[in-house]
Amino acid sequence: MQYGVCSLSVIPMRSEPDDRAEMTNQVLFGETFKVLEQRKKWSRIRLAHDNYEGWIDNKQWEQLSENFYNEVQEGAVPVSTEMIEIISHPDSGSFFPVLLGSMLPKMKKGGQVDLEYTHFDFMGPFSTKTSSRTSLVEYAYQYLNAPYLWGGRTPLGIDCSGYTQMVYRLTGYPLPRDSAEQARHGITLSFIEESEPGDLAFFDNEEGIITHVGIILSDNYIIHASGKVRLDRLDQTGIFNAEKGMHTHKLRVIKKVI
């Protein structure tokens, strides 16, 4: 078994080993994974934080030893809490952006991030602790107006479940990648009035399959990724888009995860 880490800002994960294949996910800086299959140009990986699988380009990741990979999984990994920060190579002086929610494994005092064979300096804000619901809502607003991107997980482009996963990560709570899997977590609530800011609302399609998720706010508002990360009203029917004057998503279930 081989092990690896993303050493770039963000790399696409695809459904098939082809540049033209659907991007189903993104791998952010510092995220580690197991390599399940390797070909000349592509590797099929399983991410450590949520077990999501897909294909990434071999030119876009660095190998780790099994011992180092296991050490990273043992404790809480710091995450970047700024929209965009700079990380640099202390030897070469080169640098590149690190996006909100990226992982900073084996971080030492003074801001050194250790990817085993490569070392970086990071001077931005980060978090290693679980936070309150108030912080969760504050993180949710940081993504406001981020464009919708299927498979996206960054403020530069994000989908609905990538959005909820990243906001919960920033607050210190792990979630699966897809909305249907996220809906299996937490306690089911019967009415919107029972919910608190930070709870999750899930929505299904005509076949009854959960296809959408958003974060409940106070006063019957919801923040979710649909076209962009946006604010809409929530009622027992679903999401009401005032601009369109109609319900756009049908409510299936409300879950209290924290």
# chains A, B, ... in the order shown; residues from 1 in each chain; ligands from 1

$ residues_around --residues "region 201-211 of chain A" --least-positions-apart "3" --cutoff "7 Å" --atoms "only C-alpha atoms" --output "list of chain:residue names"
A:Ser179, A:Ala180, A:Ala183, A:Gly214, A:Ile215, A:Ile216, A:His249, A:Lys250, A:Leu251, A:Arg252, A:Val253, A:Ile254, A:Lys255

$ closest_atom_pairs --of "region 87-184 of chain A" --to "region 27-43 of chain A" --cutoff "6 Å" --atoms "only C-alpha atoms" --output "CSV"
residue,atom,partner,partner_atom,distance
A:Ser102,CA,A:Phe29,CA,5.4
A:Met103,CA,A:Gly30,CA,4.6
A:Leu104,CA,A:Gly30,CA,5.5

$ select_by_dssp --residues "region 25-253 of chain A" --states "helix (DSSP H, G or I)" --output "ChimeraX atom specification"
/A:58-60,66-74,133-142,160-171,179-182,192-194

$ select_by_dssp --residues "region 61-111 of chain A" --states "strand (DSSP E)" --output "count of residues only"
16

$ residues_around --residues "Met246 (chain A)" --least-positions-apart "4" --cutoff "12 Å" --atoms "only C-alpha atoms" --output "tab-separated table (two decimals) with C-alpha atoms, in the first residue's frame"
chain	number	residue	atom	x	y	z
A	232	ASP	CA	-33.09	31.75	1.31
A	233	ARG	CA	-36.15	31.14	3.44
A	234	LEU	CA	-36.95	27.69	4.86
A	235	ASP	CA	-40.39	26.32	5.69
A	237	THR	CA	-42.30	22.59	2.32
A	238	GLY	CA	-38.67	23.38	1.61
A	239	ILE	CA	-36.50	26.23	0.38
A	240	PHE	CA	-38.33	29.31	-0.88
A	241	ASN	CA	-36.38	31.48	-3.32
A	242	ALA	CA	-37.82	35.00	-3.09
A	250	LYS	CA	-38.39	19.92	-1.24

$ decode --residues "region 31-81 of chain A" --atoms "N, CA and C atoms" --output "short mmCIF file (atom, residue, chain, number, x, y, z; two decimals), in the first residue's frame"
data_model
loop_
_atom_site.label_atom_id
_atom_site.label_comp_id
_atom_site.auth_asym_id
_atom_site.auth_seq_id
_atom_site.Cartn_x
_atom_site.Cartn_y
_atom_site.Cartn_z
N GLU A 31 -4.27 17.30 2.75
CA GLU A 31 -5.12 16.12 2.91
C GLU A 31 -4.36 14.87 2.50
N THR A 32 -4.43 13.85 3.32
CA THR A 32 -3.68 12.62 3.10
C THR A 32 -4.60 11.52 2.59
N PHE A 33 -4.00 10.48 2.00
CA PHE A 33 -4.81 9.44 1.39
C PHE A 33 -3.99 8.16 1.19
N LYS A 34 -4.73 7.07 0.99
CA LYS A 34 -4.15 5.80 0.57
C LYS A 34 -4.24 5.69 -0.95
N VAL A 35 -3.23 5.10 -1.55
CA VAL A 35 -3.23 4.87 -2.99
C VAL A 35 -3.70 3.44 -3.24
N LEU A 36 -4.87 3.30 -3.82
CA LEU A 36 -5.48 1.99 -4.02
C LEU A 36 -5.03 1.33 -5.32
N GLU A 37 -4.73 2.15 -6.32
CA GLU A 37 -4.32 1.63 -7.64
C GLU A 37 -3.49 2.71 -8.33
N GLN A 38 -2.43 2.32 -8.97
CA GLN A 38 -1.58 3.30 -9.64
C GLN A 38 -1.32 2.89 -11.08
N ARG A 39 -1.49 3.85 -11.97
CA ARG A 39 -1.18 3.67 -13.38
C ARG A 39 -0.09 4.67 -13.78
N LYS A 40 0.24 4.68 -15.05
CA LYS A 40 1.35 5.53 -15.51
C LYS A 40 1.10 7.00 -15.18
N LYS A 41 -0.12 7.48 -15.42
CA LYS A 41 -0.42 8.89 -15.21
C LYS A 41 -1.34 9.14 -14.03
N TRP A 42 -2.13 8.16 -13.62
CA TRP A 42 -3.19 8.38 -12.65
C TRP A 42 -3.07 7.44 -11.45
N SER A 43 -3.62 7.89 -10.33
CA SER A 43 -3.73 7.04 -9.14
C SER A 43 -5.15 7.12 -8.59
N ARG A 44 -5.69 5.97 -8.23
CA ARG A 44 -6.99 5.93 -7.54
C ARG A 44 -6.72 5.95 -6.05
N ILE A 45 -7.30 6.93 -5.36
CA ILE A 45 -6.99 7.14 -3.94
C ILE A 45 -8.24 7.06 -3.08
N ARG A 46 -8.00 6.88 -1.78
CA ARG A 46 -9.06 6.96 -0.78
C ARG A 46 -8.63 7.98 0.28
N LEU A 47 -9.37 9.07 0.37
CA LEU A 47 -9.02 10.13 1.30
C LEU A 47 -9.14 9.66 2.75
N ALA A 48 -8.20 10.09 3.58
CA ALA A 48 -8.19 9.64 4.98
C ALA A 48 -9.35 10.23 5.77
N HIS A 49 -9.73 11.47 5.48
CA HIS A 49 -10.69 12.15 6.36
C HIS A 49 -12.14 11.71 6.14
N ASP A 50 -12.47 11.18 4.94
CA ASP A 50 -13.86 10.78 4.71
C ASP A 50 -14.02 9.53 3.85
N ASN A 51 -12.89 8.88 3.49
CA ASN A 51 -12.89 7.63 2.71
C ASN A 51 -13.43 7.80 1.29
N TYR A 52 -13.49 9.02 0.80
CA TYR A 52 -13.97 9.25 -0.56
C TYR A 52 -12.91 8.78 -1.56
N GLU A 53 -13.35 8.14 -2.64
CA GLU A 53 -12.42 7.57 -3.60
C GLU A 53 -12.55 8.24 -4.97
N GLY A 54 -11.44 8.31 -5.68
CA GLY A 54 -11.44 8.85 -7.03
C GLY A 54 -10.03 8.85 -7.59
N TRP A 55 -9.88 9.42 -8.78
CA TRP A 55 -8.61 9.41 -9.50
C TRP A 55 -7.96 10.80 -9.48
N ILE A 56 -6.64 10.84 -9.23
CA ILE A 56 -5.90 12.09 -9.30
C ILE A 56 -4.65 11.90 -10.16
N ASP A 57 -4.15 13.00 -10.69
CA ASP A 57 -2.98 12.99 -11.56
C ASP A 57 -1.72 12.73 -10.73
N ASN A 58 -0.87 11.84 -11.20
CA ASN A 58 0.35 11.49 -10.47
C ASN A 58 1.32 12.66 -10.30
N LYS A 59 1.19 13.68 -11.13
CA LYS A 59 2.09 14.84 -11.03
C LYS A 59 1.67 15.79 -9.93
N GLN A 60 0.54 15.52 -9.28
CA GLN A 60 -0.03 16.50 -8.36
C GLN A 60 -0.04 16.06 -6.90
N TRP A 61 0.72 15.04 -6.56
CA TRP A 61 0.76 14.62 -5.16
C TRP A 61 2.13 14.10 -4.79
N GLU A 62 2.40 14.07 -3.48
CA GLU A 62 3.67 13.58 -2.96
C GLU A 62 3.45 12.31 -2.14
N GLN A 63 4.41 11.43 -2.21
CA GLN A 63 4.31 10.17 -1.48
C GLN A 63 4.69 10.37 -0.01
N LEU A 64 4.04 9.59 0.86
CA LEU A 64 4.35 9.56 2.28
C LEU A 64 4.70 8.13 2.69
N SER A 65 5.45 8.00 3.76
CA SER A 65 5.67 6.67 4.33
C SER A 65 4.43 6.26 5.12
N GLU A 66 4.28 4.97 5.33
CA GLU A 66 3.14 4.49 6.12
C GLU A 66 3.18 5.03 7.54
N ASN A 67 4.37 5.09 8.14
CA ASN A 67 4.49 5.59 9.50
C ASN A 67 4.04 7.04 9.61
N PHE A 68 4.49 7.87 8.65
CA PHE A 68 4.11 9.28 8.69
C PHE A 68 2.61 9.44 8.48
N TYR A 69 2.05 8.70 7.52
CA TYR A 69 0.61 8.74 7.27
C TYR A 69 -0.17 8.40 8.54
N ASN A 70 0.25 7.36 9.25
CA ASN A 70 -0.44 6.95 10.46
C ASN A 70 -0.30 7.99 11.56
N GLU A 71 0.87 8.61 11.66
CA GLU A 71 1.08 9.65 12.67
C GLU A 71 0.14 10.83 12.46
N VAL A 72 -0.09 11.20 11.20
CA VAL A 72 -0.98 12.32 10.90
C VAL A 72 -2.40 12.02 11.35
N GLN A 73 -2.82 10.76 11.24
CA GLN A 73 -4.19 10.39 11.59
C GLN A 73 -4.43 10.34 13.10
N GLU A 74 -3.36 10.30 13.88
CA GLU A 74 -3.51 10.07 15.32
C GLU A 74 -4.06 11.26 16.08
N GLY A 75 -3.80 12.47 15.63
CA GLY A 75 -4.25 13.64 16.38
C GLY A 75 -5.07 14.58 15.51
N ALA A 76 -5.55 15.65 16.14
CA ALA A 76 -6.30 16.67 15.41
C ALA A 76 -5.33 17.46 14.53
N VAL A 77 -5.66 17.57 13.25
CA VAL A 77 -4.82 18.30 12.31
C VAL A 77 -5.32 19.73 12.22
N PRO A 78 -4.46 20.72 12.40
CA PRO A 78 -4.88 22.13 12.26
C PRO A 78 -5.44 22.39 10.86
N VAL A 79 -6.41 23.31 10.78
CA VAL A 79 -6.96 23.71 9.49
C VAL A 79 -6.86 25.23 9.36
N SER A 80 -6.60 25.67 8.14
CA SER A 80 -6.52 27.10 7.85
C SER A 80 -7.90 27.73 7.96
N THR A 81 -8.00 28.88 8.63
CA THR A 81 -9.30 29.51 8.86
C THR A 81 -9.46 30.84 8.12
#
